[in-house]
$ cat protein-v4.txt   # compact mmCIF, C-alpha atoms
# COMPACT_ATOMS: atom_id res chain seq x y z
CA MET A 1 94.44 104.34 98.41
CA GLY A 2 96.53 104.08 101.57
CA GLU A 3 94.32 106.50 103.49
CA GLN A 4 91.19 104.51 102.64
CA ALA A 5 92.90 101.25 103.59
CA ALA A 6 94.01 102.70 106.93
CA ARG A 7 90.46 103.79 107.70
CA ALA A 8 89.17 100.32 106.81
CA LEU A 9 91.72 98.69 109.11
CA ARG A 10 90.76 100.98 111.98
CA ALA A 11 87.07 100.22 111.43
CA ALA A 12 87.75 96.48 111.33
CA ARG A 13 89.60 96.62 114.66
CA THR A 14 86.92 98.68 116.44
CA GLY A 15 86.25 97.16 119.84
CA SER A 16 89.60 95.39 120.10
CA ALA A 17 92.14 96.12 122.80
CA GLU A 18 94.70 97.21 120.23
CA GLN A 19 95.63 100.85 119.88
CA ILE A 20 95.90 101.96 116.26
CA LEU A 21 97.94 105.03 115.40
CA ASN A 22 97.99 106.43 111.87
CA ARG A 23 100.95 108.39 110.52
CA VAL A 24 100.19 110.20 107.27
CA LEU A 25 103.00 111.13 104.89
CA LYS A 26 102.54 114.25 102.84
CA ALA A 27 102.88 114.13 99.09
CA HIS A 28 106.53 114.03 97.97
CA ALA A 29 107.68 113.21 101.50
CA THR A 30 111.43 113.08 102.08
CA PRO A 31 113.33 110.18 103.70
CA ARG A 32 113.58 112.38 106.79
CA ASP A 33 109.78 112.68 106.90
CA LEU A 34 109.47 108.90 106.68
CA ALA A 35 112.01 108.36 109.45
CA ALA A 36 110.16 110.84 111.66
CA ALA A 37 106.85 109.05 111.09
CA LEU A 38 108.39 105.73 112.18
CA ARG A 39 110.46 107.04 115.08
CA SER A 40 108.01 105.98 117.79
CA VAL A 41 107.58 102.39 116.52
CA GLY A 42 108.83 99.87 119.07
CA PRO A 43 109.69 96.14 119.08
CA THR A 44 106.26 95.12 120.40
CA ASP A 45 104.39 97.05 117.71
CA ALA A 46 102.97 95.77 114.43
CA LEU A 47 103.66 98.13 111.55
CA VAL A 48 101.46 98.36 108.44
CA LEU A 49 102.92 100.20 105.46
CA TRP A 50 100.90 101.69 102.62
CA LEU A 51 103.81 103.12 100.67
CA ARG A 52 104.66 103.85 97.05
CA PRO A 53 107.87 102.40 95.56
CA GLN A 54 109.85 105.62 96.06
CA ASP A 55 108.91 105.65 99.75
CA LEU A 56 109.87 101.99 100.14
CA GLN A 57 113.31 102.81 98.75
CA ALA A 58 113.70 105.48 101.42
CA LEU A 59 113.40 102.81 104.13
CA ALA A 60 117.04 101.91 103.42
CA THR A 61 118.10 104.62 105.87
CA VAL A 62 115.49 103.71 108.50
CA PRO A 63 116.18 100.88 110.99
CA VAL A 64 113.60 98.12 111.43
CA THR A 65 112.26 98.40 114.98
CA ALA A 66 108.94 96.53 114.72
CA SER A 67 108.93 92.75 115.01
CA ARG A 68 106.03 92.44 112.56
CA VAL A 69 105.73 94.49 109.37
CA TRP A 70 102.97 94.28 106.79
CA MET A 71 102.96 96.11 103.47
CA SER A 72 100.59 96.72 100.58
CA GLY A 73 101.72 94.86 97.49
CA GLU A 74 99.35 96.76 95.23
CA MET A 75 100.76 100.14 96.27
CA GLY A 76 104.36 98.99 96.53
CA GLY A 77 104.74 97.22 93.19
CA LEU A 78 104.07 93.57 94.09
CA GLU A 79 107.20 91.39 93.66
CA GLN A 80 109.01 94.33 92.04
CA ALA A 81 108.64 96.43 95.20
CA PRO A 82 112.03 98.03 96.01
CA LEU A 83 111.96 96.99 99.65
CA PRO A 84 115.47 97.24 101.16
CA ALA A 85 117.17 94.02 102.22
CA SER A 86 117.16 95.06 105.88
CA TRP A 87 113.35 95.12 105.88
CA ARG A 88 112.67 91.89 104.00
CA VAL A 89 113.00 89.40 106.85
CA ALA A 90 110.36 91.06 109.04
CA THR A 91 107.98 92.10 106.26
CA ARG A 92 104.94 90.26 104.93
CA MET A 93 103.15 91.53 101.84
CA ALA A 94 99.45 91.51 100.98
CA TYR A 95 99.49 90.13 97.44
CA PRO A 96 96.07 90.44 95.70
CA VAL A 97 97.00 88.59 92.48
CA ASP A 98 98.12 85.09 91.55
CA LEU A 99 101.74 84.09 92.16
CA PRO A 100 104.20 84.89 89.32
CA GLY A 101 104.84 81.29 88.30
CA ARG A 102 101.14 80.44 88.22
CA ARG A 103 99.96 83.40 86.16
CA VAL A 104 102.73 83.49 83.55
CA VAL A 105 100.84 81.59 80.83
CA ARG A 106 97.63 83.57 81.31
CA VAL A 107 99.40 86.93 81.27
CA ASP A 108 101.59 86.02 78.29
CA TYR A 109 98.62 86.26 75.92
CA ALA A 110 98.35 89.97 76.68
CA LEU A 111 102.12 90.52 76.61
CA SER A 112 102.40 88.82 73.21
CA TRP A 113 99.62 91.05 71.86
CA PHE A 114 101.55 94.12 73.04
CA ARG A 115 104.82 92.86 71.54
CA ILE A 116 103.28 92.13 68.13
CA ARG A 117 101.81 95.62 68.00
CA LYS A 118 104.98 97.23 69.38
CA ILE A 119 103.12 98.72 72.35
CA PRO A 120 105.61 99.70 75.09
CA LEU A 121 105.16 97.89 78.39
CA VAL A 122 105.23 100.65 81.00
CA ALA A 123 102.75 99.32 83.59
CA GLN A 124 102.41 95.58 83.10
CA GLN A 125 99.55 94.83 85.49
CA VAL A 126 97.48 97.84 84.42
CA GLN A 127 97.97 96.98 80.76
CA ALA A 128 97.20 93.29 81.28
CA ASP A 129 94.06 94.15 83.27
CA THR A 130 92.95 96.56 80.54
CA TYR A 131 93.54 93.94 77.85
CA LEU A 132 91.51 91.43 79.86
CA ALA A 133 88.61 93.83 80.47
CA CYS A 134 88.44 95.05 76.87
CA GLY A 135 88.63 91.52 75.50
CA LEU A 136 85.87 90.34 77.81
CA VAL A 137 83.55 93.22 76.87
CA SER A 138 84.29 92.77 73.16
CA GLU A 139 83.49 89.05 73.26
CA THR A 140 80.31 89.68 75.23
CA VAL A 141 79.05 92.41 72.89
CA ASN A 142 79.65 90.12 69.89
CA HIS A 143 77.34 87.53 71.45
CA MET A 144 74.61 90.07 72.21
CA VAL A 145 73.78 90.58 68.51
CA ASP A 146 71.48 93.63 68.63
CA ALA A 147 70.16 93.31 72.22
CA PHE A 148 72.21 96.20 73.61
CA VAL A 149 70.63 96.58 77.04
CA ARG A 150 72.82 97.46 80.02
CA GLU A 151 71.34 94.87 82.37
CA TYR A 152 71.71 92.16 79.73
CA LEU A 153 75.33 93.15 79.11
CA VAL A 154 76.13 92.83 82.82
CA GLU A 155 74.35 89.48 83.00
CA ARG A 156 76.28 88.15 80.01
CA LEU A 157 79.56 89.39 81.53
CA GLU A 158 78.79 87.53 84.75
CA MET A 159 78.12 84.33 82.81
CA ALA A 160 81.23 84.72 80.63
CA LEU A 161 83.54 85.13 83.62
CA ASP A 162 82.34 81.89 85.19
CA HIS A 163 83.71 79.92 82.22
CA ARG A 164 86.75 82.01 81.30
CA ALA A 165 90.13 80.26 81.33
CA LEU A 166 92.32 83.31 80.61
CA THR A 167 91.96 85.42 83.74
CA GLY A 168 95.21 87.38 83.53
CA TYR A 169 96.81 88.17 86.86
CA TYR A 170 94.06 86.46 88.84
CA PRO A 171 93.46 82.77 89.66
CA ARG A 172 89.71 83.15 89.20
CA LEU A 173 87.21 85.88 88.39
CA THR A 174 83.53 86.03 89.30
CA LEU A 175 80.81 88.66 89.25
CA ALA A 176 77.35 88.53 90.80
CA PRO A 177 74.55 90.94 91.72
CA GLY A 178 75.96 93.35 94.30
CA GLN A 179 79.50 92.02 93.79
CA ARG A 180 81.43 94.21 91.38
CA PHE A 181 84.98 93.23 92.30
CA ALA A 182 85.83 90.36 89.99
CA SER A 183 88.82 89.19 92.05
CA LYS A 184 88.23 88.70 95.75
CA GLY A 185 91.17 87.71 97.91
CA GLY A 186 94.91 87.29 97.76
CA TYR A 187 98.00 85.73 99.29
CA ILE A 188 100.27 86.75 102.12
CA VAL A 189 103.82 86.45 100.79
CA ARG A 190 107.37 87.15 101.85
CA PHE A 191 110.44 87.92 99.79
CA SER A 192 112.63 84.85 99.30
CA ASP A 193 115.93 86.71 98.89
CA PRO A 194 117.64 89.89 100.17
CA GLN A 195 117.41 91.24 96.61
CA GLY A 196 115.28 90.41 93.60
CA PRO A 197 111.62 89.66 92.87
CA ARG A 198 111.22 86.09 94.15
CA VAL A 199 108.34 85.72 96.60
CA ALA A 200 106.92 82.76 98.50
CA ALA A 201 103.32 82.35 99.65
CA LEU A 202 102.81 81.77 103.37
CA GLY A 203 99.53 79.96 102.82
CA ASP A 204 96.71 79.40 100.38
CA TRP A 205 94.67 82.03 98.57
CA ILE A 206 92.63 83.90 101.21
CA THR A 207 89.12 85.21 100.54
CA PRO A 208 87.81 87.65 103.17
$ encode --input "protein-v4.txt" --output "structure tokens"
Amino acid sequence: MGEQAARALRAARTGSAEQILNRVLKAHATPRDLAAALRSVGPTDALVLWLRPQDLQALATVPVTASRVWMSGEMGGLEQAPLPASWRVATRMAYPVDLPGRRVVRVDYALSWFRIRKIPLVAQQVQADTYLACGLVSETVNHMVDAFVREYLVERLEMALDHRALTGYYPRLTLAPGQRFASKGGYIVRFSDPQGPRVAALGDWITP
């Protein structure tokens, strides 16, 4: 995921005066590998991190040298990302879901379903997304009666999403011909405290 995102960023900045340097971490990289990859970053640089939670933890031994740091919330664990306190002031996170306080009621339907059936919660967003997708397909198939045609199924799904109130982690979901990502956009957030999961949005929901 990080490699693809880095390529997309480079392509988006083609023609600009900015110099983009990619540093790739090998699988199971050590804290020393991470420190080496960041050694040349200076105070005038902008740093973009596509790191897994275990790599974010390793930043505790690496000083912050960039004045601007951006990180992937999806890769890092969203508000549960284990970003060290020393990195939190300078870091902004791309946050492609609704804010915790705004999604709690919508997500609780899925969490209650898991609790009643004693299903362990090991990956909350993945499980909530799966619950949402399966529920949507099930409801749509029930309304199709015996007209099981792929194109009709997709059309009914598109119509159902437009009127759906329970959208899980996302503030709104839409599908259309040629648009197969139901959630388009996100927030830029920062951590509110040196420790803990509280985040604050730095603006409104952004749609590219």
$ atom_distance --input "protein-v4.txt" --atom1 "CA of Ala110 in chain A" --atom2 "CA of Gly168 in chain A"
8.0 Å
$ residues_around --input "protein-v4.txt" --residues "Arg106 in chain A" --least-positions-apart "5" --cutoff "10 Å" --atoms "all atoms listed in the file" --output "ChimeraX atom specification"
/A:111,128,165-171
$ write_last_selection --input "protein-v4.txt" --atoms "C-alpha atoms" --output "tab-separated table (two decimals), in the coordinates of the input"
chain	number	residue	atom	x	y	z
A	111	LEU	CA	102.12	90.52	76.61
A	128	ALA	CA	97.20	93.29	81.28
A	165	ALA	CA	90.13	80.26	81.33
A	166	LEU	CA	92.32	83.31	80.61
A	167	THR	CA	91.96	85.42	83.74
A	168	GLY	CA	95.21	87.38	83.53
A	169	TYR	CA	96.81	88.17	86.86
A	170	TYR	CA	94.06	86.46	88.84
A	171	PRO	CA	93.46	82.77	89.66
$ closest_residue --input "protein-v4.txt" --among "A:Trp205, A:Val154, A:Ala36, A:Pro31" --to "Gly178 in chain A" --atoms "all atoms listed in the file"
A:Val154
$ residues_around --input "protein-v4.txt" --residues "Leu47 in chain A" --least-positions-apart "2" --cutoff "7 Å" --atoms "only C-alpha atoms" --output "PyMOL selection string"
chain A and resi 45+49+66+68-70
$ atom_distance --input "protein-v4.txt" --atom1 "CA of Ile20 in chain A" --atom2 "CA of Gly42 in chain A"
13.4 Å
$ residues_around --input "protein-v4.txt" --residues "Pro82 in chain A" --least-positions-apart "3" --cutoff "8 Å" --atoms "all atoms listed in the file" --output "PyMOL selection string"
chain A and resi 53-54+56-57+76-77
$ atom_distance --input "protein-v4.txt" --atom1 "CA of Glu3 in chain A" --atom2 "CA of Asp98 in chain A"
24.8 Å
$ residues_around --input "protein-v4.txt" --residues "Thr30 in chain A" --least-positions-apart "4" --cutoff "10 Å" --atoms "only C-alpha atoms" --output "list in words"
Leu25, Lys26, Leu34, Ala35, Ala36, Gln54, Asp55 and Ala58 of chain A
$ write_last_selection --input "protein-v4.txt" --atoms "C-alpha atoms" --output "PDB file, in the coordinates of the input"
ATOM      1  CA  LEU A  25     103.000 111.130 104.890  1.00  0.00           C
ATOM      2  CA  LYS A  26     102.540 114.250 102.840  1.00  0.00           C
ATOM      3  CA  LEU A  34     109.470 108.900 106.680  1.00  0.00           C
ATOM      4  CA  ALA A  35     112.010 108.360 109.450  1.00  0.00           C
ATOM      5  CA  ALA A  36     110.160 110.840 111.660  1.00  0.00           C
ATOM      6  CA  GLN A  54     109.850 105.620  96.060  1.00  0.00           C
ATOM      7  CA  ASP A  55     108.910 105.650  99.750  1.00  0.00           C
ATOM      8  CA  ALA A  58     113.700 105.480 101.420  1.00  0.00           C
TER       9      ALA A  58
END
$ residues_around --input "protein-v4.txt" --residues "range 133-141 of chain A" --least-positions-apart "4" --cutoff "12 Å" --atoms "all atoms listed in the file" --output "PyMOL selection string"
chain A and resi 109-110+113+126-129+145-150+152-169+173+182
$ closest_residue --input "protein-v4.txt" --among "A:Val104, A:Arg23, A:Pro120, A:Phe191" --to "Leu83 in chain A" --atoms "all atoms listed in the file"
A:Phe191
$ closest_residue --input "protein-v4.txt" --among "A:Pro63, A:Gly15, A:Gly2, A:Pro43" --to "Trp87 in chain A" --atoms "all atoms listed in the file"
A:Pro63
$ closest_residue --input "protein-v4.txt" --among "A:Arg88, A:Lys184, A:Arg103, A:His143" --to "Pro197 in chain A" --atoms "all atoms listed in the file"
A:Arg88
$ axis_aligned_box --input "protein-v4.txt" --around "range 167-176 of chain A" --padding-each-side "3 Å" --output "AutoDock Vina command-line options"
--center_x 87.1 --center_y 85.7 --center_z 87.2 --size_x 25.5 --size_y 11.9 --size_z 13.3
$ decode --input "protein-v4.txt" --residues "range 80-191 of chain A" --atoms "C-alpha atoms" --output "compact mmCIF listing (two decimals), in the first residue's frame"
# COMPACT_ATOMS: atom_id res chain seq x y z
CA GLN A 80 -4.89 4.03 17.68
CA ALA A 81 -1.61 4.59 15.84
CA PRO A 82 1.28 4.19 18.32
CA LEU A 83 3.00 7.41 17.28
CA PRO A 84 5.53 8.47 19.95
CA ALA A 85 4.82 11.67 21.86
CA SER A 86 7.91 13.38 20.42
CA TRP A 87 6.45 13.08 16.91
CA ARG A 88 2.87 14.14 17.62
CA VAL A 89 3.28 17.92 17.53
CA ALA A 90 4.75 18.00 14.01
CA THR A 91 2.65 15.20 12.52
CA ARG A 92 -0.59 15.45 10.58
CA MET A 93 -2.53 12.31 9.68
CA ALA A 94 -4.56 11.50 6.57
CA TYR A 95 -7.77 10.13 8.09
CA PRO A 96 -10.05 8.50 5.46
CA VAL A 97 -12.99 7.75 7.79
CA ASP A 98 -15.41 9.76 9.90
CA LEU A 99 -14.23 11.15 13.24
CA PRO A 100 -14.63 8.82 16.25
CA GLY A 101 -17.35 10.81 17.97
CA ARG A 102 -19.40 11.15 14.80
CA ARG A 103 -19.33 7.49 13.75
CA VAL A 104 -19.90 5.85 17.13
CA VAL A 105 -23.66 5.29 16.72
CA ARG A 106 -23.34 3.95 13.17
CA VAL A 107 -20.51 1.56 14.07
CA ASP A 108 -22.20 0.36 17.27
CA TYR A 109 -24.78 -1.60 15.28
CA ALA A 110 -22.00 -3.84 13.96
CA LEU A 111 -20.22 -4.04 17.32
CA SER A 112 -23.44 -5.06 19.08
CA TRP A 113 -23.99 -7.80 16.48
CA PHE A 114 -20.49 -9.13 17.18
CA ARG A 115 -21.00 -9.00 20.96
CA ILE A 116 -24.33 -10.87 20.84
CA ARG A 117 -22.75 -13.62 18.76
CA LYS A 118 -19.56 -13.66 20.85
CA ILE A 119 -17.38 -12.87 17.84
CA PRO A 120 -13.96 -11.58 19.00
CA LEU A 121 -13.13 -8.06 17.89
CA VAL A 122 -9.61 -8.32 16.48
CA ALA A 123 -9.72 -5.76 13.64
CA GLN A 124 -12.58 -3.36 14.32
CA GLN A 125 -12.61 -1.38 11.07
CA VAL A 126 -12.19 -4.46 8.86
CA GLN A 127 -14.97 -6.27 10.71
CA ALA A 128 -17.29 -3.25 10.65
CA ASP A 129 -16.66 -2.75 6.91
CA THR A 130 -17.35 -6.44 6.27
CA TYR A 131 -20.58 -6.28 8.29
CA LEU A 132 -21.66 -3.22 6.31
CA ALA A 133 -20.85 -4.77 2.91
CA CYS A 134 -22.51 -8.10 3.68
CA GLY A 135 -25.60 -6.42 5.09
CA LEU A 136 -25.93 -4.18 2.05
CA VAL A 137 -25.60 -7.08 -0.40
CA SER A 138 -28.05 -9.20 1.61
CA GLU A 139 -30.68 -6.45 1.67
CA THR A 140 -30.24 -5.80 -2.05
CA VAL A 141 -30.52 -9.47 -3.02
CA ASN A 142 -33.73 -9.78 -0.98
CA HIS A 143 -35.27 -6.97 -3.04
CA MET A 144 -34.21 -8.51 -6.36
CA VAL A 145 -36.65 -11.44 -6.00
CA ASP A 146 -35.51 -13.75 -8.83
CA ALA A 147 -33.87 -11.19 -11.16
CA PHE A 148 -30.30 -12.23 -10.38
CA VAL A 149 -28.42 -10.30 -13.04
CA ARG A 150 -25.02 -8.80 -12.22
CA GLU A 151 -25.72 -5.40 -13.78
CA TYR A 152 -29.05 -5.16 -11.97
CA LEU A 153 -27.40 -6.07 -8.66
CA VAL A 154 -24.85 -3.28 -9.09
CA GLU A 155 -27.58 -0.81 -10.04
CA ARG A 156 -29.64 -1.72 -6.98
CA LEU A 157 -26.56 -1.39 -4.75
CA GLU A 158 -25.93 2.10 -6.12
CA MET A 159 -29.52 3.09 -5.38
CA ALA A 160 -29.48 1.55 -1.90
CA LEU A 161 -26.34 3.42 -0.86
CA ASP A 162 -27.86 6.77 -1.76
CA HIS A 163 -30.54 6.31 0.92
CA ARG A 164 -28.61 4.36 3.55
CA ALA A 165 -28.39 5.88 7.03
CA LEU A 166 -26.05 3.31 8.59
CA THR A 167 -22.77 3.85 6.77
CA GLY A 168 -20.37 2.48 9.38
CA TYR A 169 -17.05 4.25 9.57
CA TYR A 170 -17.92 6.66 6.77
CA PRO A 171 -19.98 9.89 6.77
CA ARG A 172 -21.51 9.05 3.39
CA LEU A 173 -21.27 6.33 0.77
CA THR A 174 -22.02 6.59 -2.95
CA LEU A 175 -21.44 4.43 -6.01
CA ALA A 176 -21.86 5.35 -9.66
CA PRO A 177 -20.80 4.01 -13.07
CA GLY A 178 -17.01 4.07 -13.16
CA GLN A 179 -16.81 4.94 -9.45
CA ARG A 180 -16.24 1.83 -7.37
CA PHE A 181 -14.86 3.41 -4.20
CA ALA A 182 -17.89 4.02 -2.03
CA SER A 183 -16.10 6.47 0.30
CA LYS A 184 -14.21 9.29 -1.36
CA GLY A 185 -12.27 11.67 0.83
CA GLY A 186 -11.17 12.13 4.41
CA TYR A 187 -9.95 14.51 7.09
CA ILE A 188 -6.53 15.82 8.00
CA VAL A 189 -6.21 15.38 11.76
CA ARG A 190 -3.67 15.82 14.51
CA PHE A 191 -3.33 14.07 17.84
